[in-house]
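K.L.:
Quick one, run.txt (compact mmCIF, C-alpha atoms):
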```txt
# COMPACT_ATOMS: atom_id res chain seq x y z
CA MET A 1 150.45 103.93 7.55
CA ASP A 2 151.71 100.75 5.91
CA LYS A 3 149.10 97.98 5.90
CA HIS A 4 151.50 95.78 7.87
CA ASP A 5 151.61 98.42 10.61
CA LYS A 6 147.84 98.59 10.96
CA LYS A 7 146.54 98.36 14.49
CA TYR A 8 143.64 95.93 14.42
CA ASP A 9 140.52 96.56 16.48
CA PHE A 10 137.57 94.55 17.79
CA ASN A 11 135.68 94.71 14.49
CA ASP A 12 138.69 93.23 12.72
CA LEU A 13 138.67 90.31 15.17
CA VAL A 14 134.98 89.68 14.45
CA GLU A 15 135.63 89.73 10.68
CA ILE A 16 138.64 87.41 10.99
CA MET A 17 136.63 84.88 12.99
CA ALA A 18 133.80 85.00 10.45
CA LYS A 19 136.31 84.31 7.66
CA LEU A 20 137.90 81.43 9.59
CA ARG A 21 134.43 79.87 9.97
CA SER A 22 133.37 80.49 6.35
CA ASP A 23 133.17 77.84 3.61
CA SER A 24 136.64 78.86 2.45
CA GLY A 25 137.98 79.16 5.99
CA CYS A 26 140.16 77.01 8.25
CA PRO A 27 139.18 73.29 8.41
CA TRP A 28 139.82 73.14 12.16
CA ASP A 29 137.92 76.32 13.03
CA LYS A 30 134.94 75.24 10.89
CA GLU A 31 134.62 71.96 12.81
CA GLN A 32 134.41 73.50 16.27
CA THR A 33 131.26 73.67 18.40
CA HIS A 34 130.39 75.34 21.70
CA GLU A 35 131.18 72.04 23.45
CA SER A 36 134.48 71.34 21.68
CA ILE A 37 136.07 74.65 22.69
CA THR A 38 134.75 74.79 26.25
CA THR A 39 138.10 73.79 27.77
CA CYS A 40 139.86 76.43 25.65
CA LEU A 41 137.95 79.19 27.42
CA ILE A 42 138.83 77.73 30.82
CA GLU A 43 142.52 77.34 29.92
CA GLU A 44 142.79 80.87 28.53
CA ALA A 45 141.18 82.30 31.68
CA TYR A 46 143.70 80.46 33.88
CA GLU A 47 146.62 81.61 31.73
CA THR A 48 145.36 85.18 32.04
CA CYS A 49 145.27 84.83 35.83
CA ASP A 50 148.87 83.55 35.78
CA ALA A 51 149.96 86.60 33.81
CA ILE A 52 148.20 88.90 36.29
CA ILE A 53 149.80 87.16 39.28
CA ASP A 54 153.23 87.41 37.59
CA ASN A 55 152.53 91.09 36.77
CA ASP A 56 153.62 90.31 33.19
CA ILE A 57 151.91 93.08 31.23
CA GLU A 58 152.93 91.79 27.80
CA LYS A 59 151.66 88.30 28.60
CA MET A 60 148.52 89.74 30.21
CA THR A 61 147.72 91.62 27.00
CA GLU A 62 148.22 88.47 24.94
CA GLU A 63 146.15 86.23 27.22
CA LEU A 64 143.28 88.70 27.48
CA GLY A 65 143.24 88.68 23.69
CA ASP A 66 142.95 84.88 23.79
CA VAL A 67 140.00 85.15 26.19
CA LEU A 68 138.35 87.72 23.92
CA LEU A 69 138.89 85.39 20.97
CA GLN A 70 136.94 82.67 22.77
CA VAL A 71 134.00 85.04 23.31
CA VAL A 72 133.98 86.03 19.63
CA PHE A 73 134.35 82.36 18.64
CA HIS A 74 131.24 81.38 20.61
CA ALA A 75 129.36 84.41 19.28
CA GLN A 76 130.14 83.40 15.69
CA ILE A 77 128.99 79.80 16.30
CA GLY A 78 125.81 81.13 17.92
CA LYS A 79 125.18 83.42 14.95
CA GLU A 80 125.58 80.55 12.51
CA ASN A 81 123.21 78.39 14.58
CA GLY A 82 120.67 81.21 14.76
CA THR A 83 120.62 81.10 18.56
CA PHE A 84 122.42 84.33 19.52
CA ASP A 85 125.08 86.70 18.24
CA LEU A 86 127.58 89.22 19.58
CA SER A 87 124.93 91.94 19.94
CA ASP A 88 122.90 89.63 22.22
CA ILE A 89 125.98 89.09 24.40
CA THR A 90 126.79 92.80 24.69
CA ASP A 91 123.12 93.73 25.20
CA GLY A 92 122.80 91.16 27.99
CA ILE A 93 125.88 92.25 29.92
CA CYS A 94 125.01 95.96 29.56
CA ARG A 95 121.50 95.37 30.90
CA LYS A 96 122.92 93.32 33.79
CA LEU A 97 125.45 96.02 34.74
CA ILE A 98 122.81 98.75 34.66
CA PHE A 99 120.37 96.66 36.73
CA ARG A 100 122.96 95.72 39.33
CA HIS A 101 124.32 99.28 39.73
CA PRO A 102 121.25 101.29 40.80
CA HIS A 103 123.59 103.62 42.71
CA ILE A 104 125.15 104.64 39.37
CA PHE A 105 122.31 104.35 36.86
CA GLY A 106 119.46 104.96 39.31
CA ASP A 107 118.68 107.00 42.41
CA LYS A 108 119.84 104.55 45.08
CA LYS A 109 122.67 105.80 47.30
CA MET A 110 125.60 103.60 48.36
CA ASP A 111 128.84 104.86 49.88
CA THR A 112 130.88 101.73 50.57
CA ALA A 113 132.03 98.64 48.67
CA GLU A 114 130.31 96.48 51.29
CA GLN A 115 126.96 98.11 50.57
CA VAL A 116 127.49 97.56 46.85
CA LEU A 117 128.27 93.87 47.33
CA GLU A 118 125.24 93.34 49.54
CA SER A 119 123.00 95.08 47.01
CA TRP A 120 124.60 93.13 44.13
CA GLU A 121 123.76 89.80 45.79
CA LYS A 122 120.16 90.81 46.53
CA LEU A 123 119.63 92.01 42.97
CA LYS A 124 121.26 88.85 41.62
CA ILE A 125 118.85 86.67 43.63
CA LYS A 126 115.91 88.74 42.33
CA GLU A 127 117.22 88.67 38.74
CA LYS A 128 117.81 84.90 38.74
CA GLY A 129 114.51 84.16 40.43
CA TYR A 130 116.09 82.35 43.38
CA LYS A 131 113.63 81.70 46.22
CA SER A 132 116.30 81.25 48.88
CA GLU A 133 120.00 81.62 49.61
CA ALA A 134 120.27 77.83 49.30
CA ASP A 135 119.04 78.12 45.70
CA SER A 136 121.80 80.64 45.11
CA MET A 137 124.36 78.20 46.54
CA LYS A 138 123.07 75.34 44.38
CA ASN A 139 123.59 77.45 41.28
CA ILE A 140 127.30 78.03 41.93
CA PRO A 141 128.79 76.00 39.04
CA LYS A 142 130.19 72.61 40.05
CA THR A 143 132.81 73.13 37.35
CA PHE A 144 134.45 75.75 39.57
CA PRO A 145 137.64 74.66 41.33
CA ALA A 146 136.48 72.99 44.56
CA LEU A 147 138.23 75.48 46.85
CA MET A 148 136.68 78.42 45.00
CA ARG A 149 133.22 76.85 45.13
CA ALA A 150 133.54 76.17 48.87
CA ASN A 151 134.63 79.75 49.48
CA LYS A 152 131.66 81.16 47.56
CA ILE A 153 129.21 78.89 49.41
CA GLN A 154 130.59 80.03 52.78
CA SER A 155 130.45 83.70 51.75
CA LYS A 156 126.78 83.34 50.87
CA ALA A 157 126.11 81.73 54.27
CA GLU A 158 127.93 84.61 55.95
CA ARG A 159 125.68 87.17 54.24
CA VAL A 160 122.61 85.78 55.99
CA GLY A 161 124.34 85.53 59.39
CA PHE A 162 125.11 81.79 59.36
CA ASP A 163 128.73 82.10 60.44
CA TRP A 164 131.18 81.88 63.33
CA PRO A 165 131.53 85.08 65.38
CA ASP A 166 135.29 85.12 64.71
CA VAL A 167 138.13 83.15 63.13
CA TRP A 168 138.70 81.05 66.27
CA GLY A 169 135.41 79.24 65.88
CA ALA A 170 136.39 78.34 62.33
CA PHE A 171 139.88 77.37 63.52
CA ASP A 172 138.52 75.05 66.21
CA LYS A 173 136.41 73.39 63.51
CA VAL A 174 139.62 72.47 61.66
CA TYR A 175 140.84 70.56 64.72
CA GLU A 176 137.44 68.88 65.11
CA GLU A 177 137.40 67.72 61.48
CA ALA A 178 141.03 66.58 61.65
CA HIS A 179 140.19 64.48 64.70
CA GLU A 180 137.20 62.93 62.91
CA LEU A 181 139.36 62.11 59.89
CA LYS A 182 141.94 60.52 62.20
CA ARG A 183 139.21 58.39 63.75
CA ALA A 184 138.00 57.30 60.29
CA ILE A 185 141.58 56.30 59.38
CA GLU A 186 141.91 54.30 62.60
CA THR A 187 138.65 52.43 61.92
CA GLU A 188 139.67 51.88 58.27
CA ASP A 189 136.30 53.24 57.10
CA THR A 190 137.18 54.36 53.54
CA GLU A 191 133.83 56.05 52.81
CA LYS A 192 134.02 57.97 56.07
CA GLN A 193 137.61 58.95 55.26
CA LYS A 194 136.48 60.56 51.98
CA GLU A 195 133.70 62.41 53.77
CA GLU A 196 135.88 63.65 56.63
CA ALA A 197 138.72 64.66 54.29
CA GLY A 198 136.22 66.87 52.46
CA ASP A 199 134.95 68.32 55.74
CA LEU A 200 138.53 69.12 56.76
CA LEU A 201 139.26 70.92 53.49
CA PHE A 202 135.97 72.83 53.78
CA ALA A 203 136.91 73.92 57.32
CA VAL A 204 140.35 75.12 56.20
CA VAL A 205 138.73 77.18 53.43
CA ASN A 206 136.53 78.77 56.09
CA VAL A 207 139.59 79.88 58.07
CA CYS A 208 141.06 81.35 54.88
CA ARG A 209 137.85 83.30 54.30
CA PHE A 210 137.99 84.81 57.79
CA LEU A 211 141.61 85.87 57.17
CA ASP A 212 140.71 87.28 53.73
CA ILE A 213 143.06 84.76 52.08
CA ASP A 214 142.23 83.33 48.67
CA PRO A 215 142.49 79.55 49.27
CA GLU A 216 143.31 78.83 45.61
CA GLN A 217 146.20 81.30 45.57
CA SER A 218 147.39 80.18 49.00
CA LEU A 219 147.47 76.51 47.95
CA ASP A 220 149.21 77.43 44.68
CA ALA A 221 151.89 79.29 46.65
CA ALA A 222 152.33 76.27 48.94
CA SER A 223 152.70 74.02 45.88
CA ASP A 224 155.33 76.34 44.40
CA LYS A 225 157.18 76.34 47.72
CA PHE A 226 157.10 72.55 47.85
CA ILE A 227 158.52 72.29 44.32
CA LYS A 228 161.33 74.69 45.21
CA ARG A 229 162.28 72.75 48.35
CA PHE A 230 161.90 69.39 46.61
CA SER A 231 164.23 70.63 43.88
CA HIS A 232 166.84 71.45 46.52
CA VAL A 233 166.54 67.94 47.99
CA GLU A 234 166.82 66.34 44.55
CA ASN A 235 169.80 68.46 43.54
CA SER A 236 171.54 67.78 46.86
CA CYS A 237 171.18 64.05 46.25
CA ASN A 238 172.43 64.34 42.68
CA ASP A 239 175.44 66.42 43.76
CA LYS A 240 176.48 63.54 46.00
CA GLY A 241 175.85 60.94 43.33
CA GLN A 242 172.91 59.50 45.25
CA TYR A 243 169.38 58.54 44.20
CA MET A 244 166.52 59.88 46.29
CA ARG A 245 164.75 56.53 46.27
CA GLU A 246 167.79 54.87 47.86
CA MET A 247 168.15 57.36 50.71
CA ASN A 248 166.45 57.08 54.09
CA LEU A 249 163.95 59.61 55.40
CA GLU A 250 166.44 61.09 57.88
CA GLN A 251 168.87 62.01 55.09
CA LEU A 252 166.12 63.48 52.92
CA ASP A 253 164.75 65.44 55.86
CA LYS A 254 168.19 66.98 56.40
CA TYR A 255 168.20 68.35 52.85
CA TRP A 256 164.59 69.49 53.24
CA ASN A 257 165.46 71.51 56.33
CA GLU A 258 168.36 73.07 54.45
CA ALA A 259 165.88 74.22 51.83
CA LYS A 260 163.57 75.62 54.53
CA ASN A 261 166.47 77.56 56.08
CA GLU A 262 167.38 78.98 52.67
CA ASN A 263 163.82 80.26 52.27
CA ARG A 264 164.00 81.95 55.64
```
What would the structure in this file look like if it were written as structure tokens?
P.N.:
Amino acid sequence: MDKHDKKYDFNDLVEIMAKLRSDSGCPWDKEQTHESITTCLIEEAYETCDAIIDNDIEKMTEELGDVLLQVVFHAQIGKENGTFDLSDITDGICRKLIFRHPHIFGDKKMDTAEQVLESWEKLKIKEKGYKSEADSMKNIPKTFPALMRANKIQSKAERVGFDWPDVWGAFDKVYEEAHELKRAIETEDTEKQKEEAGDLLFAVVNVCRFLDIDPEQSLDAASDKFIKRFSHVENSCNDKGQYMREMNLEQLDKYWNEAKNENR
């Protein structure tokens, strides 16, 4: 096989990263720290999720490679600092998987995904040394997207029975929080408005959880839909030689409804 046709493997990636970080390596790569590339890991993870949602296999392969690069990058920095290396990372995740799958690597029997999830959470609490479910909630990273964090908090509450009996209780809570936000707007209480707006969003996430809807994906889809309809309104205005800013709401609403009908 020609050297240019070589198929590189994981060990090659590790060697390439070590070379990039060496004294004769890349000036940019040598300057990086764990902190400086933190956002890179987040961005690559989001781009991978986009590829998965789009079912773009070629892009998915590329983006997963970018995520893997970030792991190797951090491992190389850790090795140079003498704090940890790639073997510590792989050893840690292997031990965690074995510990949290006693039905595979032990003698515990579980037949359903629900049983596995319940066991996983209990073992996680034991492993992390949490004394309560509230401790578990507090340790959900605040860097998570707010909708995702809210969803995880509510799921943990559900596991210990602190939940509505059905979706209608959660749905009624949306109306209650909307009414309280309305009252805060009427009284011009800005601090209360912030609080009630958060309560309303939290209540909507709860409804999504009952319906097994990912709130992040649902909101993303709504944003995409808005952009598509807004584009129709904008193009309709441009086709008539008009500027959106100069048109009244009734005219804009007419174009918006056209876009809605097209979607249907």
K.L.:
Please report, as AutoDock Vina command-line options, the centre and edge lengths in Å to one decimal of an axis-aligned box covering all listed atoms of segment 217-228 of chain A with 6 Å per side.
P.N.:
```
--center_x 153.8 --center_y 76.8 --center_z 46.7 --size_x 27.1 --size_y 21.0 --size_z 16.7
```
K.L.:
Go through segment 99-172 of chain A residue by residue and, counting all atoms listed in the file, keep those with an atom at most 9 Å from segment 203-206 of chain A; for each kept residue give the shortest atom pair and its distance in Å to one decimal, ordered by chain and increasing number, as a Markdown table.
P.N.:
```
| residue | atom | partner | partner_atom | distance |
| --- | --- | --- | --- | --- |
| A:Leu147 | CA | A:Val205 | CA | 6.8 |
| A:Met148 | CA | A:Val205 | CA | 8.8 |
| A:Ala150 | CA | A:Val205 | CA | 7.0 |
| A:Asn151 | CA | A:Val205 | CA | 6.2 |
| A:Gln154 | CA | A:Asn206 | CA | 6.9 |
| A:Ser155 | CA | A:Asn206 | CA | 9.0 |
| A:Val167 | CA | A:Asn206 | CA | 8.4 |
| A:Ala170 | CA | A:Asn206 | CA | 6.3 |
| A:Phe171 | CA | A:Val204 | CA | 7.7 |
```
K.L.:
Which one of A:Thr112, A:Ile37, A:Glu180, A:Leu211 sits closest to Lys192 of chain A if you count all atoms listed in the file?
P.N.:
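Checking each candidate against Lys192 of chain A, we get A:Glu180 as the closest.
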K.L.:
Just how far from atom CA of Pro215 of chain A is atom CA of Asn257 of chain A, in Å to one decimal?
P.N.:
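Result for atom CA of Asn257 of chain A versus atom CA of Pro215 of chain A: 25.3 Å, one decimal.
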K.L.:
Which residue gives the smallest distance to Cys40 of chain A among A:Phe84, A:Trp28, A:Phe10, A:Phe73, with all atoms listed in the file counted?
P.N.:
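Among the listed residues, A:Phe73 lies closest to Cys40 of chain A.
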K.L.:
Figure out the distance between atom CA of Lys156 of chain A and atom CA of Glu121 of chain A, please, to one decimal in Å.
P.N.:
8.8 Å
